[in-house]
Structure formats: structure tokens, C-alpha cells
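Student: Would you mind keeping the following structure in view while I ask a few things?
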2 protein chains.
Amino acid sequence: MSLGKQASIGFIGTGVMGKSMVRNLMKAGHELHVYSRTKSKADELIVEGAIWHDSPAELAHTVQVVISIVGYPHDVEELYLGDNGIVANAKPGTYLIDMTTSSPSLAQSIQQAASAKGCFSLDAPVSGGDVGAREARLSIMVGGDQAAFEAVKAIFEAMGTNIVYQGAAGAGQFTKMSNQIAIASNMMGVCEALSYAKKAGLDPQTVLKSIETGAAGSWSLSNLGPRMLAGNFEPGFFVKHFIKDLNIALQSAEEIGLDMHGVKLAKSLYEQLVQQGDQDCGTQALFKLYIS
Amino acid sequence: MSLGKQASIGFIGTGVMGKSMVRNLMKAGHELHVYSRTKSKADELIVEGAIWHDSPAELAHTVQVVISIVGYPHDVEELYLGDNGIVANAKPGTYLIDMTTSSPSLAQSIQQAASAKGCFSLDAPVSGGDVGAREARLSIMVGGDQAAFEAVKAIFEAMGTNIVYQGAAGAGQFTKMSNQIAIASNMMGVCEALSYAKKAGLDPQTVLKSIETGAAGSWSLSNLGPRMLAGNFEPGFFVKHFIKDLNIALQSAEEIGLDMHGVKLAKSLYEQLVQQGDQDCGTQALFKLYIS
């Protein structure tokens, strides 16, 4: 079964990412219901045709598909598993899709609770940032029941381009953690390479010409390196959110028996950044620690 | 002045890299003179038309351009600055090009000594590995006098494609160190991301599909990741040579007052690899530390 083109979708969390995702879903012809902890964040969407609900419970009871993208794992937990939460209020057969970057084990717990209620749960975190969300070019990493994934695939396709089913419940979150883990150490490498070039008296832009196309090449080097060198530390992706993700990754790694030296070091450096007040900078602000 | 198409070039160090570079220089029409500590490593090249010399001194005295690619900084130092070395024996006006990955401060010392003899010195380390050397697609990072660089540029072009003048003596080595520094931490990131995916029970190949094209993407993730997952730890680039480079980088960083946390951690992990006997593996063998 596929939900096809005109599903009723309840969307919870209309921040920077969520707002663009809601718009793309409306553009694809779906009926959008919205809830956000801060109502004003949904005002524009309501003007554009989204239907407001006063609680996640009311929203969940109304729609065929619930999608959420909120803050921290404890927000996700309360939203789905709390007394007035989504699982308690969704009708049997509802698809529950959490797109927050959150804990793999929480995704597994939600799946069990949802399944006991006759609902279908998917964990589907994204990468691609605000630009990817706006342009419907997100990478979406999906865990959960495969038939449920196939049923809502057209909905994902309205929001992203690189949509990959990764396995059972939690697999989407595991994949997103894998993504953040790869980024964490590489950010140190990019910062150290460019601060070294700069302190050595070279022109780091010219150094980039030599190194970015070879074995040292990376998305971060080519995309965040120039911002570092220009002193542009605007987010992008917030330092405070990256630390949240690294905490989830480290806890999850501990659960599966893996010691991640690089992530631990990167996290400690990012915490130094927070101590100097840079929690609302973009992740490329790590460069500051090296050139100060 | 450009040396043009038919320079007499003395090439010292005919290992895997050097052999391919000599062949590409002969193919470009130059007259090649060779010396190698182990003569048998030059046998094929002699058959192909290269002229053997019994010492670096004799070779240096004969040619217009000396190129070297040897082992460690102390080899480079002895070769250039020793009593029977290149600088002592080269005729004034000779171009001396060291393409070994070596110390920036040594490159500066050689430049001073060469200049005092009326010779032109360039440091010009490469990246691109054995394949890049064979296919004349090396990235060549050049430091030294810019006029000297222009004079021998056609010679570089016979060996590489991405040839960038980086600044005064040592700048080529600084750039190469910058390259190795960026790689060091990223290798931890790639290993941790893939070992995490594997231990979480995902299919790491499918995880790669989700993450390699986005913000976590890197040359190492896409090129060395699949080798790690296939259990292929063949070099590529030797662990023992990478440690050599990281030692040079750390010493050089200390000289310019930079603390590189990521490189230090990566070096300590690579030293663990050596302790378990993996010094002759490729750098992707770092993965072994995480999945064992």
C-alpha cells in the first residue's frame, strides 16, 4: 500500500528545517496539519494553508501520517511516549515518522510502542541542512519496517533526493550518527591543516588549490574551509546541536561496545568553544580554537 | 629562462614513485641520469636508456637539474648537505629539486646552502601516490624562488597535473604537511564512522550511499572506506611512512607555535598499529584498531 499523493500529514516542529519541509509537502499536494511548541513559528505556514492544532495529541488523532523534527532526544521521547503523546493518541494504522536527529535506542523504543498500538514507526533523520530542506534535496536515512518505508516513500521524495532505507528501527539514526562521527574528526583535520598553513605564512587559499582535490579532500575542507579563512562563523549547523549529536553518538557507541577516540577529542574541543561563548556559531568556528 | 624540452636531469631515488617519474621525464624528451642507494632498483631504467652514476656527487656534477625523492629527512640532509653531497658538487646554476616529503626547515637550510653556491633550490613534494606518479597526474606543491620555479615548470608538467607554486623555500613542504594533517584526523573519522555502522549491525556499504555525498564526504571515505570494509589493507600509502610525515608535521607545528590535538591522537593510534606489526599495511589499516 502506498499513501500516494494526497495524504493528510501532521507535522510537528516548524523551525527552520520543518518550515521548508512543510512547504515542500504542501507543494506536492498533501494536506498539512501543524503543531509547534511556539505557535508563532507556524504562523506563516497557517497563512499558506496548513491547519493548526493545539496539541500533538489532537494532531496525531487526526492524520494518516505524523512527521516530527524537534530538538533533543528527551523532546522526542516526551512527544511520542508521553501520556499525552503521539503513540497514545494516534489511530491504528497511522505512520509515525521522526526526522529529528535522535538516539537509535529511543527509535527502537518508539517502534515497539507504536507497533503495540497498530501504528507504523520510522526513524528518518536527514542531512543537507537548511538549504537542502528548502530545495527538497535532503539526504534521508530511514530505519523501521520496510513495507512502511515503501508506503510513505513518495512523502520522503517530496522533501529529499538521496532517500535510503537502512534497515530495522534505529537504523536511520545509526546512519545519521555515522555521518556525524565522520564529520567530527574531519573538522579537526580541516582546522589543523588550515591553521598550520596560515601560521606557516602561506596563503591558505593557494594551499587549498593543492590539497582539496586529492587524498586530503573533503566536503568540509572545500565548503567550510573558505568560511573559516574568511572569518565567517555564522551557522550553518550550530555548535550546540553538533555537541548534542556527538553526545548521542558516544552514548550509542558505548551501548554497542565501540571506543571512538576521535569523536571524544572533537567533543572536548567543541565544549571548549561553548565555554568561550561560541555555542551559536557554526561548526566551522572550531577554527577559532586553533588560530587564537 | 626556461630549461625547455631537453634538459639533462639527474634523478636520485628510483623507488616506486621515482621509477615512474623518471619514465615520464624520459618520455618528455629529457636526458635522464640516475642514482639509487640500491643499484638494482635502477636496472630497468638503465635498460630503458637512463645513465647510471656511482654517486650523488658525480651525478650532481654532470647535470643541469637534480631531482630527488628519497626516504627520511635525515636522508635528504645527508644527500644535499653532506660532505659528498649535492650542494658541494653541483655546478653553479644547477637546479636542485627535492620532491621527498620532508621537513620545511630543512628545505630552508638547503635553499640557503644552494644559494651560497649559486644554485637554485626548490622543495616540491607530491601527492597522488604510485598511480598518480605512473599516470603523470601528481599534485606538486612547490616552494623556493619563483623564477627558478618558472624555469623548471615544464619539467614538473611531465610528472604532474596540479602544479602550484606555494611561496618561498619550505612552502612546498608546509603545503604537503597541511595535506597530511588534514588526512590524519579524517582517517579516524572514516574508521569510526564505518566501524560504528558495522557494529550497529547496518550494511556499511548502504550507509556509504547515505553519507558519502554530503557533509561527511571525503576522498578517504569514498576511496579507502570500501577497502577497509573489504578487509583490504594493502598499501597504498604505508603506515610507517605516514607516521614519518606526522612526526615532521608535529615538529614543524611546534616550531610555528601550533598545538595539533587531532594529529597527535592520530599518530598515537598509528603507533599502536605499528606495535601490532602493521607498519607495512596501507593507512586504511587503522580500521583494524576499531573492529578488533
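Naming works like this for the C-alpha cells: A, B, ... for the chains as they're shown, residue 1 at the start of each chain, ligands 1 onward in shown order.
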As a PyMOL selection string, could you give me every residue of chain B near chain A (at most 7 Å apart, counting only C-alpha atoms)?

Tutor: chain B and resi 128+139+141+162+164+166-167+171+174-175+178-179+181-186+188-190+192-194+196-197+199-200+202+206-207+210-211+214-220+253+256+258+260+262

Student: Run DSSP on the backbone of this structure and report the residues of segment 158-228 of chain A it assigns to helix (DSSP H, G or I), as a PyMOL selection string.

Tutor: chain A and resi 171-199+204-211+219-223+225-228

Student: Atom CA of Gly18 of chain A and atom CA of Leu122 of chain A, how far apart in Å?

Tutor: 17.0 Å

Student: Using only C-alpha atoms, determine which residues lie at most 12 Å from Glu157 of chain A, disregarding the query and same-chain residues fewer than 4 positions distant; provide the list as a ChimeraX atom specification.

Tutor: /A:4-5,21,24-25,27-28,133,135-140,149-153,161-164

Student: Could you tell me how far atom CA of Tyr95 of chain B lies from atom CA of Gln64 of chain B, in Å and to one decimal?

Tutor: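 Distance reported for this atom pair: 6.3 Å.
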